[in-house]
Structure formats: structure tokens, C-alpha cells
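*Asks:* Quick one: structure below, then a few questions.
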Amino acid sequence: MTRIALLIAGALALAMSSTGTAQEVKQAPRPAAAPSITPSNVTQDMLNRAAGDANNFLHTNGDYTQRRYHPAAQINAANVRRLRPAWIFQTEIKESLETSPIVVNGVMYVTTSFSQVYALNAQTGEQLWHYKQALGPITTYCCGPNNRGVAVYEDKVYLATLDAKLVALDAKTGTKVWQTDIADPELGYSETMAPTVVKGKVLIGTNGGEYGIRGFVRAYDAKDGKLIWNFDTIPENSVGVWAEKDATGRDMHRNIQAEKEQLAKTGDPYKTLGGGVWQNPAVDLATNRIYFVVGNPSPDLDGSLRPGDNLYTDSLVSLDLDTGKYVCHFQYIAHDVWDLDAVSPPVLVDVRDKSGKLISGVIHAGKTGHIYVHDRKDCSLIRFSDAMVPQENMWTLPTAQGARMLPGANGGVEWSPVAVNPQLGLTYAINLHQPMTYHVQSAPYPNGKLWLGGAFKVIPGEEQAGNITAVDYNTGKIRWQVKTPQPMIGGVLATAGGLVFTGEGNGRFRAYDARNGNVLWTFNAGAGVNAPPSSYTVAGKQYIVVGAGGNVQLDYKRGNAIIAFTLD
Amino acid sequence: MRFGLIATLGIMLVPAVAWAQTIEEKAQICGACHGENGVPQQKTMPVIWGQYQGYLYLQLRDYKSGARKNDIMSPLAQTMERDDMMALALHFSQKPWPDLQQQPAPPDVAKRAIAANVSIGCTGCHLGEYQGAGTQPRLAGQTREYLHQSMMEFRTRARGNNPGMTDLMLATSVEDLEALAQYMAGLQYRAGQ
């Protein structure tokens with residue numbers, strides 16, 4: 001708690017000394033007539049029922065289960081070949097787009113890099129308002145100045161910013177209602193994820209696993225931004241059980257004796273152990289629990305400074321929604337020295353357990369290239385899928401000269417959300433194949449500066465690729481897989497129309513047949529489509545919408561387009 | 001010899017910084033090395049006009065703490081408090097980036113530099129076309145000699161205020177770093193966000 005108080009004090013001091021805090025709101029140039037549409041309130045009941053709401057897309061990943069399965073079926077396998085752009089909106093920022101468009105009764109909210117928000121008419125693409133967060137001078141982040149979107153609740157829109165602030169905007173006007181300092185960016189904290197709002201609480205994690213932070217998930221009061229609870233993703237006792245094998249039973253080649261000697265010398269490394277949370281928690285409304293995954297330990301590749309299992313890094317974690325108290329966890333990789341951490345948002349779905357009984361499950365797509373299937377009750381692992389990408393030399397330890405091992409450090413599945421078709425019992429994941437060497441170097445904690453403990457290096461000349469893979473989560477078997485020419489990053493949408501939508505770094509945005517992976521429709525967006533698509537219905541017409549802004553991390557061609565499609 | 005003179009100049013100027021009243025007066029001292037018009041006096045000194053406030057502040061902070069060392073900058077930074085550093089950083093960030101008239105790298109050098117970036121992901125932090133933002137410095141159009149010197153100093157740990165950069169430079173060949181310096185120096189300034 002002392003540390004939290006210090007962090008908040010530091011963040012406040014920084015905010016007071018920064019050059020300005022006022023936001024800038026631009027109204028779109030438009031005729032004197034009233035706006036074409038007025039943003040409407042979002043009730044908790046609407047949020048609860050989002051999975052069956054064909055008109056809207058109310059959560060980053062569709063609904064609280066995060067299945068990204070939209071119930072509209074107007075666009076389907078038989079007619080998707082007639083899908084055409086309805087409108088294209090160009091943002092002011094031409095940089096990585098990772099936004100999940102949120103749609104509320106005909107109004108769309110999208111975000112851009114550098115923490116900006118647009119409200120658009122979802123039928124026409126007309127701009128209703130534009131909010132630019134006045135970022136402070138210090139922004140410390142990994143993998144680009146990205147933003148993955150907003151959350152909506154009652155009359156407000158919630159945004160987490162690159163300089164680690166939580167902001168509530170008036171949904172009708174885009175003006176700031178309140179702002180809270182989450183943490184001190186000078187110590188490596190930043191925000192790129194979208195918040196989740198449930199029962200009056202705004203849930204948010206933090207980035208910073210590359211900077212020696214101590215990660216957390218927090219609940220803030222949706223009304224005024226006051227902190228309700230904090231859960232440190234790194235407990236004060238982070239040592240764990242000295243696990244020698246990963247979730248799949250493979251030996252991780254830890255030198256436990258050396259780690260124990262280091263622990264005796266330097267103590268528990270929890271204060272700078274990382275454990276960022278990159279993506280939204282899933283919410284189980286029936287049990288009042290949340291489920292999220294925790295990222296890598298700091299420093300990424302040098303385990304010598306951080307003895308122990310490094311709990312709860314590389315883990316699925318469940319908490320009580322009301323109190324933030326720990327319920328259960330499952331660690332995929334203890335004492336990770338490859339940055340093959342857990343970042344793709346978990347999904348709640350009913351699954352078959354080992355005896356074939358249907359139970360409440362939770363699944364996560366790992367950077368390792370496996371889909372992990374868990375029992376929601378205690379987080380225990382039921383099964384893991386066939387590997388979706390080539391694996392080689394796992395788990396070879398990093399060396400100073402560089403040791404080859406596959407997958408490369410970006411995965412497997414990166415932060416990209418998966419989608420689920422519960423009728424087919426399939427989950428759809430996009431993967432990277434990037435052969436890399438893993439290099440280790442040791443340096444002490446650098447006070448908020450980049451702290452990798454080495455490097456992961458793409459091997460020049462070796463073929464890179466990607467794929468979209470459909471996995472039967474009740475068996476762990478791959479049902480189908482389509483290879484793509486480049487590693488994939490962005491996200492997936494499945495629909496009741498029997499379709500799966502996802503994009504590629506080369507600008508292709510495609511619809512696949514959910515049953516067999518046949519390519520049914522292709523559009524070239526001119527810039528990398530590396531954002532998760534959404535779907536909604538206005539005036540009786542279903543739309544698919546996606547951002548085409550490229551990607552910083554993989555250096556895919558940048559753009560600034562939000563593109564909405566409907567049937568011609 | 002030249003370095004010795006500049007170092008002496010820096011030490012002589014320390015009291016002046018302490019007594020300076022305005023940001024403009026403080027900034028004049030910086031101009032002795034970094035250039036009155038933004039063009040550095042020596043090619044191994046960085047362009048600071050138009051560089052980002054967050055990055056400039058962190059360098060001053062690190063010179064003061066000793067995380068980064070330089071015979072001129074370290075004593076200068078000792079005279080500054082956080083607010084002074086932020087104000088000075090803001091002052092220079094608002095100046096126009098100078099055009100040093102550095103030529104674009106020839107195709108073979110550019111190809112090598114682009115391949116090195118694919119390998120270690122420089123633009124993952126320094127962003128598209130190496131334009132930077134916030135605390136990530138703009139490298140496009142920086143002096144080739146300073147870029148090369150900095151990368152080599154990270155590599156040898158002579159520059160110790162970013163161990164992540166040291167790791168990445170150690171994972172990159174000296175030949176690739178030379179290509180990167182030439183390539184980045186030849187890129188054009190583009191207005192930041």
C-alpha cells in the first residue's frame with residue numbers, strides 16, 4: 001500500500017508540473033443543423049446482454065465472455081462476396097491502429113495511437129466529436145503508442161492513456177468529465193488497453209513489463225474515478241513452487257539451486273518484477289469473478305536477477321469482482337526467460353472436461369502457440385491444443401551469443417484477441433511465425449528505463465509467416481489452418497453468419513468460412529489491417545468495421561482508416 | 001585538444017547556469033555546443049532543437065544522477081532541478097529541427113539498415129521513419145557521427161542510461177550499426193504528433 005501511495009503521489013506531482021492538462025475537443029465541421037445522431041446511454045443491463053445484441057458492439061471483445069461472436073447473420077457465407085465499403089473515415093493520426101470499434105445505437109467510438117478518441121455516426125462515418133488527450137512529456141511504453149479502444153457505461157466513455165491516466169468523457173460531447181492518475185510514467189507505466197466497465201467499476205491493468213514495473217489490475221469508480229480496489233499482479237512472495245516444467249510438461253532447464261542462492265542474497269524481486277496486463281479481463285456475471293492474463297517478468301530475458309517462479313507472471317488469474325481478492329491462478333511458464341508470456345484476452349465458454357462433462361471453462365491463446373483450456377472453478381488446466389506454429393528447441397536457454405528457439409518472442413498468438421463460434425465449438429486464433437535467437441545480458445534495474453535483460457532477434461533470411469487457425473477446444477485438435485505470407489497481429493471476429501473476419505499486415509482483410517477456412521471475400525485496405533474487427537446493425541443493415549493503420553511492432557504499413565462494410 | 005577546450009568551457013559555464021534567470025539565458029549556454037541556430041558545433045554532438053521534451057528531460061535527469069556521463073553535461077546538469085530540466089527541454093523541443101543537409105543513404109546501405117531493423121525492431125520504439133515521440137528520441141536527420149557514436153557507446157556500456165539499448169546494440173553487428181547511422185541520418189524530418 002505504501003508503494004501505491006508513493007506512485008500516486010509521484011503521478012500527481014508530475015501532473016502538476018506538466019505543461020498543461022486541458023483537453024482539446026474538436027467539433028466536426030458540419031451544417032448548422034442538429035447532429036445527425038445523438039449518443040445514447042448504456043445501461044448495465046445492455047452490457048450484460050451484449051452477446052445477444054445484434055445492433056451493437058458494446059465491449060472490446062463483444063461481450064463479457066470475450067467470445068467476439070456477433071449474433072447478426074445478415075452477412076453470411078452465401079452473400080459475403082457482395083460486401084462493399086459503406087464508408088471510410090480517416091483519422092488525423094497515421095500510426096498503428098489497434099482499436100476495437102464500440103457501437104452504441106448507431107454511434108461508434110474508435111481510438112487512435114496517442115490516446116485520441118472519435119465518435120462517429122456508424123451509418124455514415126460522419127464525425128460527431130474528436131477528443132485529443134493532452135499527453136504529458138513522459139510516455140514510456142513498449143511496442144508503439146497504441147490504444148485498443150474505449151469502454152462505455154451510462155453517459156460516459158472511458159479511455160486509458162499512454163501517460164497512464166484514466167479519463168472519463170461525456171459521451172454526447174467528448175468533453176472530459178474526470179481524469180485520474182493511474183501510475184507514474186517516469187517509472188515505466190503506460191496504458192494501451194481498453195478499460196472494462198462492470199457494475200459501476202472501471203477495470204484497468206497496466207503496461208510496463210519491459211521497464212521493471214510492479215503490475216496491477218485496478219477497479220475505479222465509474223462515477224468519479226476514485227480507486228475502489230487494487231490487485232498487485234506480483235505478490236510480495238513471488239517465489240512459488242520452483243516449477244521445473246511448463247504447462248505442457250516440458251522441462252524449462254531452470255537452475256533451481258542457483259536461483260535459491262540468488263534469493264538468499266537479494267531477496268524476493270517483487271518490487272520490479274513486471275507483470276503487466278495488456279488486455280481486458282473476462283467477467284463471469286454468474287459467479288462475480290473476473291479472469292485475465294498477466295504478462296512477462298522484468299527483465300524479459302535475464303532470469304538471474306529474479307529467482308523463483310515470478311508469480312503471477314505468465315499466468316491466468318481470477319479475482320472476485322467486488323473486492324479484487326485472489327480466487328485462483330494457473331502459471332503457464334514459471335521464471336520465463338523468453339518473453340513467451342500471456343497477453344491475448346481470455347474467453348469464457350462451456351467446455352468438455354477430461355471426462356467429457358460440459359463445464360464452465362476459460363480459454364487462452366498463448367504466445368507458445370497453444371490454446372489452453374481451463375476449468376473456470378479453480379483455473380486448473382484441462383488440456384492444451386496442438387501447436388499452431390512450429391516449435392523448435394523448447395526450452396533452450398538464452399545465451400550471450402544468441403540461442404535459436406521457436407516460437408520467436410512475439411508468438412504464437414500476441415495480444416490479438418481470438419474469436420469463438422460456440423455452435424461449432426471452435427476458437428479462431430491468428431499466429432506469428434518469426435524464427436528468432438534469444439540473447440541474454442545482465443544489468444541492474446535502471447529506474448524505469450527499458451530493461452530487457454538481452455534481446456530477441458529475428459534471424460535474417462529465414463522465412464516468416466502467419467496463420468489463422470481454428471481449434472476445437474473440446475479436443476485440442478486443429479480443425480483447419482490457413483497460412484498467410486506475413487506474421488499475423490490484430491484480432492478476429494466470428495459472426496452468426498458462419499463467418500470469421502481478420503486482417504493482415506499487407507492490407508488484406510478477409511472473410512473465411514467458419515467451418516473450413518475457405519476464403520470467401522477479400523478487400524485490400526492499402527495499409528495493415530492489424531486491429532480487431534467489430535459488427536453492428538443500423539436501420540436494418542449489418543455492418544463489419546475494422547481499422548487499417550498498420551502496426552509499429554512488426555513495422556507494417558501505416559494508415560489512418562476506419563472502414564465500415566455492408567452488403568451492396 | 002578540441003574536446004579539452006570544450007570541456008573547459010563547460011566547466012567555466014557552470015556558475016553561469018546557476019545564476020541564469022531565464023530559460024533563454026540558460027539556453028544560450030547550450031548553444032555554445034549544440035549551436036546557436038540548432039546546428040551542433042561538432043558532428044559528434046547531438047541536435048537538440050526540435051527533439052522531444054520528454055527525451056531531453058530524461059537525459060538531463062540521467063546526467064544529474066550519473067546514469068549518463070559526459071564531462072560537459074554532467075556538471076551542467078548538477079545545477080538544475082526537475083522543473084529547470086523540464087522547462088529547458090520544453091524550450092528546445094519547440095525550436096525547429098535543423099536540416100543538416102545529410103544525403104540519403106545509398107541503396108545497399110539502406111537495405112542493410114532496413115534488414116537490421118527487421119531483426120531488432122528499432123522502429124518499435126523510435127516509430128515509423130525514426131521520427132520518435134515523447135521519451136523516444138527522433139533519430140531521423142540526427143548527425144550521422146553522433147548516431148554512430150551513441151550506438152557504439154551503448155554497445156560498450158560507455159553510455160549506461162539505457163540497458164535495453166545496450167542489449168539491442170550488442171545483438172547487432174558493428175557493420176549494421178554503421179549502416180543504421182548513415183541511413184537514419186539521411187532520413188527527413190517529419191512533424192511529430
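Each chain of the C-alpha cells is named A, B, ... in the order shown, its residues numbered from 1; ligands are numbered from 1 in display order.
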As a list in words, could you give me every residue of chain A near chain B (at most 6 Å apart, counting only C-alpha atoms)?
*Replies:*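 Every residue meeting the condition is included here: Pro137, Ile138, Thr139, Cys143, Gly144, Lys449, Leu450, Trp451, Leu452, Gly454, Ala455, Lys457, Val458, Val552 and Gln553 of chain A.
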*Asks:* Mind writing the picked residues with C-alpha atoms as a PDB file, in the first residue's frame?
*Replies:*
ATOM      1  CA  PRO A 137       6.032  14.892 -21.671  1.00  0.00           C
ATOM      2  CA  ILE A 138       6.825  11.444 -20.283  1.00  0.00           C
ATOM      3  CA  THR A 139       5.381   8.455 -22.075  1.00  0.00           C
ATOM      4  CA  CYS A 143       5.562  -1.735 -28.873  1.00  0.00           C
ATOM      5  CA  GLY A 144       4.094   1.536 -30.044  1.00  0.00           C
ATOM      6  CA  LYS A 449      14.249   2.632 -18.447  1.00  0.00           C
ATOM      7  CA  LEU A 450      13.988  -0.197 -20.982  1.00  0.00           C
ATOM      8  CA  TRP A 451      15.076  -3.350 -19.160  1.00  0.00           C
ATOM      9  CA  LEU A 452      15.073  -6.344 -21.465  1.00  0.00           C
ATOM     10  CA  GLY A 454      19.020  -9.194 -23.511  1.00  0.00           C
ATOM     11  CA  ALA A 455      17.424  -9.234 -26.927  1.00  0.00           C
ATOM     12  CA  LYS A 457      16.462 -11.108 -32.676  1.00  0.00           C
ATOM     13  CA  VAL A 458      14.680 -12.114 -35.864  1.00  0.00           C
ATOM     14  CA  VAL A 552       4.503  -0.486 -35.093  1.00  0.00           C
ATOM     15  CA  GLN A 553       5.783  -3.712 -33.611  1.00  0.00           C
TER      16      GLN A 553
END
*Asks:* Among segment 108-259 of chain A, which ones does DSSP place in alpha helix (DSSP H), written as a PyMOL selection string?
*Replies:* chain A and resi 256-259
*Asks:* Considering only C-alpha atoms, can you say which of A:Trp415, A:Phe523, A:Trp395, A:Trp229 comes closest to Asp336 of chain A?
*Replies:*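 Residue with the minimum atom-to-atom distance to Asp336 of chain A: A:Trp395.
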*Asks:* Using only C-alpha atoms, determine which residues lie at most 10 Å from Gly35 of chain B, disregarding the query and same-chain residues fewer than 5 positions distant; provide the list as a list in words.
*Replies:*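 Non-adjacent residues within range: Gln28, Ile29, Cys30, Pro40, Gln41, Gln42, Met45, Pro46, Val47, Ile48 and Trp49 of chain B.
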*Asks:* Residues at most 6 Å from segment 484-487 of chain A, counting only C-alpha atoms, excluding those fewer than 5 positions away in the same chain, as a ChimeraX atom specification?
*Replies:* /A:432-433,465-467
*Asks:* Pick out the closest residue to His34 of chain B from this set: B:Ser173, B:Met151, B:Thr143, B:Pro104. Count only C-alpha atoms.
*Replies:*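 When distances to His34 of chain B are compared using only C-alpha atoms, the smallest one comes from B:Thr143.
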*Asks:* Would you pick out the contacts of Arg68 of chain B at 12 Å or less, using only C-alpha atoms, so that residues sharing its chain but fewer than 4 positions from it are not included, and give the list as an MDAnalysis selection string?
*Replies:* (chainID A and resid 446) or (chainID B and resid 58:64 72:75 77 150 153:154 157:163)
*Asks:* What's around Leu358 of chain A at 12 Å? Count only C-alpha atoms, leave out sequence neighbours fewer than 4 positions away in its own chain, and write the answer as a ChimeraX atom specification.
*Replies:* /A:349-354,375-376,382,425,473-474
